[in-house]
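Asks: For reference, the structure I am asking about is given below.
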Amino acid sequence: MQVPVLTYHGVNIDGNAYAGNDHVAFAADLELIHELGLRIVPAQWVVDQLLGRTQRDLRRCVALTCDDGSNFDYDDLDHPTHGRQISFHSALRAFRARHGERAQPDLHLTSFVIADPFARKRMDEQCLVGRDWMQSRWWRAARDGGLVAIENHSWDHNHPCLATPGPHGLARGDFHAVADDAQAEFEIAQSQHFLAQQLAPHAPRLFCYPFGHVNDFLRTDWLPRRGPAVGLDAAFGDGAAPATPASDRWNVPRYICGWHWRSPEALRGILEAANRE
Ligand SMILES: [Zn+2]
């Protein structure tokens, strides 16, 4: 297993060219992955393999994820400057419609969402344009559609738009700040609980670190100690390497669109390098 896990952000919309728009990139990348003869599989499959639960053939596979859980993941929305944006979910459906179900039978996207309704509302007002685009309304529909998993991107991203200090003395704006048990319970366990309530009977099993801040306390202490008890199988970071059997379960690497690659050619390079013998 040597699986690149790719990451997109639905709110990355700066123009309508590949390099500044994760929706344009995502739709193009689906086609590129398919053209290269690679198979898209759920991120959970990569984790199951890493934990030795399964022995699937995951050669020449790719997993797709997206972060922050804005409505741009699911709804086609009219961006105030850049016009109509086709959601990740719509892009998956369009791919399916174009190529048929047998082309990528395991086509899947893992969407890491922020739990706290108040934090989402605040982000919508302060970081987006105040049109209620950080809802949870679409989570269940996305999951029930079979192409998307909803997973844990923390309680409130410890986002800088929130009043500081937050609960348990948490200095805002940085996920490295989550450095004791009470803070980790607040940011991760609380989110597990909330998402499980929202998505019952499904429970989230994957976490990804906000800002890509892979925190040593969480990675080496809290998650190994408490992760499985709160239902977590693994945590994703941004290590820009393929996931392999040697990957750290609590820091499974991912590649970030717009950072680790900004063109189809660069992504092709990443995918080909991962699949070189
Ligand atoms: Zn994030």
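In the structure tokens, chains take letters A, B, ... by order of appearance, with residues numbered from 1 within each chain and ligands from 1 in the order shown.
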Using only C-alpha atoms and all ligand atoms, which protein or nucleic acid residues are at most 6 Å from ligand 1, as a ChimeraX atom specification?

Replies: /A:67-68,210-211

Asks: With only C-alpha atoms as the counted atoms, please give the residues lying no more than 12 Å from Pro165 (chain A), apart from itself and same-chain residues fewer than 5 positions off, as a PDB file with N, CA, C and O atoms, in the first residue's frame.

Replies:
```pdb
ATOM      1  N   ASN A 158     -10.424  25.479  16.780  1.00  0.00           N
ATOM      2  CA  ASN A 158      -9.694  26.474  17.608  1.00  0.00           C
ATOM      3  C   ASN A 158      -9.371  27.705  16.758  1.00  0.00           C
ATOM      4  O   ASN A 158      -8.247  28.210  16.732  1.00  0.00           O
ATOM      5  N   HIS A 159     -10.394  28.186  16.105  1.00  0.00           N
ATOM      6  CA  HIS A 159     -10.238  29.202  15.050  1.00  0.00           C
ATOM      7  C   HIS A 159      -9.959  30.591  15.636  1.00  0.00           C
ATOM      8  O   HIS A 159     -10.487  30.932  16.692  1.00  0.00           O
ATOM      9  N   PRO A 160      -9.142  31.385  14.937  1.00  0.00           N
ATOM     10  CA  PRO A 160      -8.825  32.723  15.454  1.00  0.00           C
ATOM     11  C   PRO A 160     -10.030  33.669  15.537  1.00  0.00           C
ATOM     12  O   PRO A 160      -9.948  34.687  16.227  1.00  0.00           O
ATOM     13  N   LEU A 170      -7.905  27.823  26.606  1.00  0.00           N
ATOM     14  CA  LEU A 170      -7.384  27.546  25.267  1.00  0.00           C
ATOM     15  C   LEU A 170      -7.121  28.842  24.499  1.00  0.00           C
ATOM     16  O   LEU A 170      -8.057  29.582  24.173  1.00  0.00           O
ATOM     17  N   ALA A 171      -5.844  29.113  24.203  1.00  0.00           N
ATOM     18  CA  ALA A 171      -5.495  30.268  23.368  1.00  0.00           C
ATOM     19  C   ALA A 171      -5.930  29.955  21.951  1.00  0.00           C
ATOM     20  O   ALA A 171      -5.597  28.904  21.398  1.00  0.00           O
ATOM     21  N   ARG A 172      -6.670  30.847  21.335  1.00  0.00           N
ATOM     22  CA  ARG A 172      -7.273  30.579  20.027  1.00  0.00           C
ATOM     23  C   ARG A 172      -6.301  30.813  18.881  1.00  0.00           C
ATOM     24  O   ARG A 172      -5.321  31.544  19.006  1.00  0.00           O
ATOM     25  N   GLY A 173      -6.626  30.189  17.742  1.00  0.00           N
ATOM     26  CA  GLY A 173      -5.912  30.505  16.513  1.00  0.00           C
ATOM     27  C   GLY A 173      -4.839  29.521  16.110  1.00  0.00           C
ATOM     28  O   GLY A 173      -4.179  29.718  15.093  1.00  0.00           O
ATOM     29  N   ASP A 174      -4.667  28.452  16.873  1.00  0.00           N
ATOM     30  CA  ASP A 174      -3.533  27.564  16.634  1.00  0.00           C
ATOM     31  C   ASP A 174      -3.872  26.210  17.252  1.00  0.00           C
ATOM     32  O   ASP A 174      -4.214  26.149  18.437  1.00  0.00           O
ATOM     33  N   ALA A 177      -1.967  24.679  20.311  1.00  0.00           N
ATOM     34  CA  ALA A 177      -2.334  25.129  21.663  1.00  0.00           C
ATOM     35  C   ALA A 177      -3.118  24.080  22.444  1.00  0.00           C
ATOM     36  O   ALA A 177      -3.219  24.162  23.667  1.00  0.00           O
ATOM     37  N   VAL A 178      -3.645  23.084  21.754  1.00  0.00           N
ATOM     38  CA  VAL A 178      -4.441  22.050  22.429  1.00  0.00           C
ATOM     39  C   VAL A 178      -3.471  21.090  23.117  1.00  0.00           C
ATOM     40  O   VAL A 178      -2.942  20.173  22.497  1.00  0.00           O
ATOM     41  N   GLN A 183      -8.474  20.222  27.259  1.00  0.00           N
ATOM     42  CA  GLN A 183      -8.554  20.889  25.948  1.00  0.00           C
ATOM     43  C   GLN A 183      -8.794  19.880  24.826  1.00  0.00           C
ATOM     44  O   GLN A 183      -9.556  20.127  23.891  1.00  0.00           O
TER      45      GLN A 183
END
```

Asks: Would you mind telling me which residue in A:Glu101, A:Asp106, A:Glu265, A:Glu125 lies nearest to Ala19 (chain A) when using only C-alpha atoms?

Replies: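 Nearest candidate to Ala19 (chain A) out of A:Glu101, A:Asp106, A:Glu265, A:Glu125: A:Glu265.
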
Asks: Quick one: of A:Arg262, A:His213, A:Arg268, A:Arg219, who's nearest to Ala25 (chain A), counting only C-alpha atoms?

Replies: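 Nearest to Ala25 (chain A): A:Arg262.
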
Asks: Hey, which of A:Ala182, A:Ile150, A:Ile114, A:Ala189 ends up closest to Pro204 (chain A)? Count only C-alpha atoms.

Replies: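 Looking at the shortest contact to Pro204 (chain A), the residue is A:Ile150.
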
Asks: With only C-alpha atoms as the basis for distance, which of A:Asp248, A:Asp29, A:Asp221, A:Glu151 is at the shortest distance from Asp180 (chain A)?

Replies: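 Looking only at the distances to Asp180 (chain A), the closest residue turns out to be A:Asp221.
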
Asks: Using only C-alpha atoms, determine which residues lie at most 6 Å from region 242-247 of chain A, disregarding the query and same-chain residues fewer than 3 positions distant; provide the list as a compact mmCIF listing (two decimals) with N, CA, C and O atoms, in the first residue's frame.

Replies:
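Result file follows (part_25.txt):
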```txt
# COMPACT_ATOMS: atom_id res chain seq x y z
N MET A 1 0.84 -1.21 0.00
CA MET A 1 0.00 0.00 0.00
C MET A 1 0.87 1.25 0.00
O MET A 1 1.77 1.39 0.82
N GLN A 2 0.59 2.11 -0.93
CA GLN A 2 1.34 3.36 -1.08
C GLN A 2 0.33 4.36 -1.66
O GLN A 2 0.36 4.65 -2.85
N VAL A 3 -0.57 4.84 -0.82
CA VAL A 3 -1.74 5.56 -1.32
C VAL A 3 -1.64 7.06 -1.05
O VAL A 3 -1.64 7.47 0.12
N PRO A 4 -1.55 7.88 -2.08
CA PRO A 4 -1.63 9.32 -1.85
C PRO A 4 -3.04 9.68 -1.38
O PRO A 4 -4.03 9.25 -1.98
N LEU A 50 -3.98 0.04 7.22
CA LEU A 50 -2.89 0.46 8.11
C LEU A 50 -3.00 -0.24 9.47
O LEU A 50 -2.01 -0.61 10.08
N VAL A 252 -1.41 10.34 9.70
CA VAL A 252 -1.40 9.79 8.34
C VAL A 252 -1.23 10.97 7.38
O VAL A 252 -1.96 11.95 7.46
```

Asks: With only C-alpha atoms as the atoms that count, which of A:Gly83, A:Gly146, A:Gly10, A:Gly69 lies nearest to Phe112 (chain A)?

Replies: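 Going through A:Gly83, A:Gly146, A:Gly10, A:Gly69 one by one, the smallest distance to Phe112 (chain A) is for A:Gly69.
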
Asks: Could you check which of A:Gly15, A:Gly166, A:Pro42, A:Gly231 is closest to Leu147 (chain A), using only C-alpha atoms?

Replies: A:Pro42

Asks: DSSP on the backbone, then: every residue of region 85-237 of chain A marked alpha helix (DSSP H), written as a PyMOL selection string.

Replies: chain A and resi 88-99+117-126+139-144+181-184+190-199+216-217+223-226

Asks: Could you give me, as a VMD selection string, each residue of region 101-148 of chain A that DSSP assigns to strand (DSSP E or B) when run on this structure's backbone?

Replies: chain A and resid 109 to 113 148

Asks: Please identify all polymer residues within 6 Å of Asn21 (chain A), counting only C-alpha atoms, omitting same-chain residues fewer than 6 positions from it, and present them as a PyMOL selection string.

Replies: chain A and resi 12-14

Asks: When you look at Ala103 (chain A) with a cut-off of 9 Å (counting only C-alpha atoms), what residues show up, excluding the ones that are within fewer than 4 positions of it in the same chain? I need them as a list in words.

Replies: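 Contacts, with the query itself left out: His34, Arg39, Arg96, His99 and Leu107 of chain A.
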
Asks: I want to know what sits within 12 Å of Ser191 (chain A), based on only C-alpha atoms, with residues of the same chain fewer than 4 positions away left out; could you give that as a VMD selection string?

Replies: chain A and resid 112 to 117 150 to 157 183 to 187 195 to 199 203 to 208 230 to 232

Asks: How many Å lie between CA of Gly269 (chain A) and CA of Gln55 (chain A), rounded to one decimal?

Replies: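 CA of Gln55 (chain A) lies 27.1 Å from CA of Gly269 (chain A).
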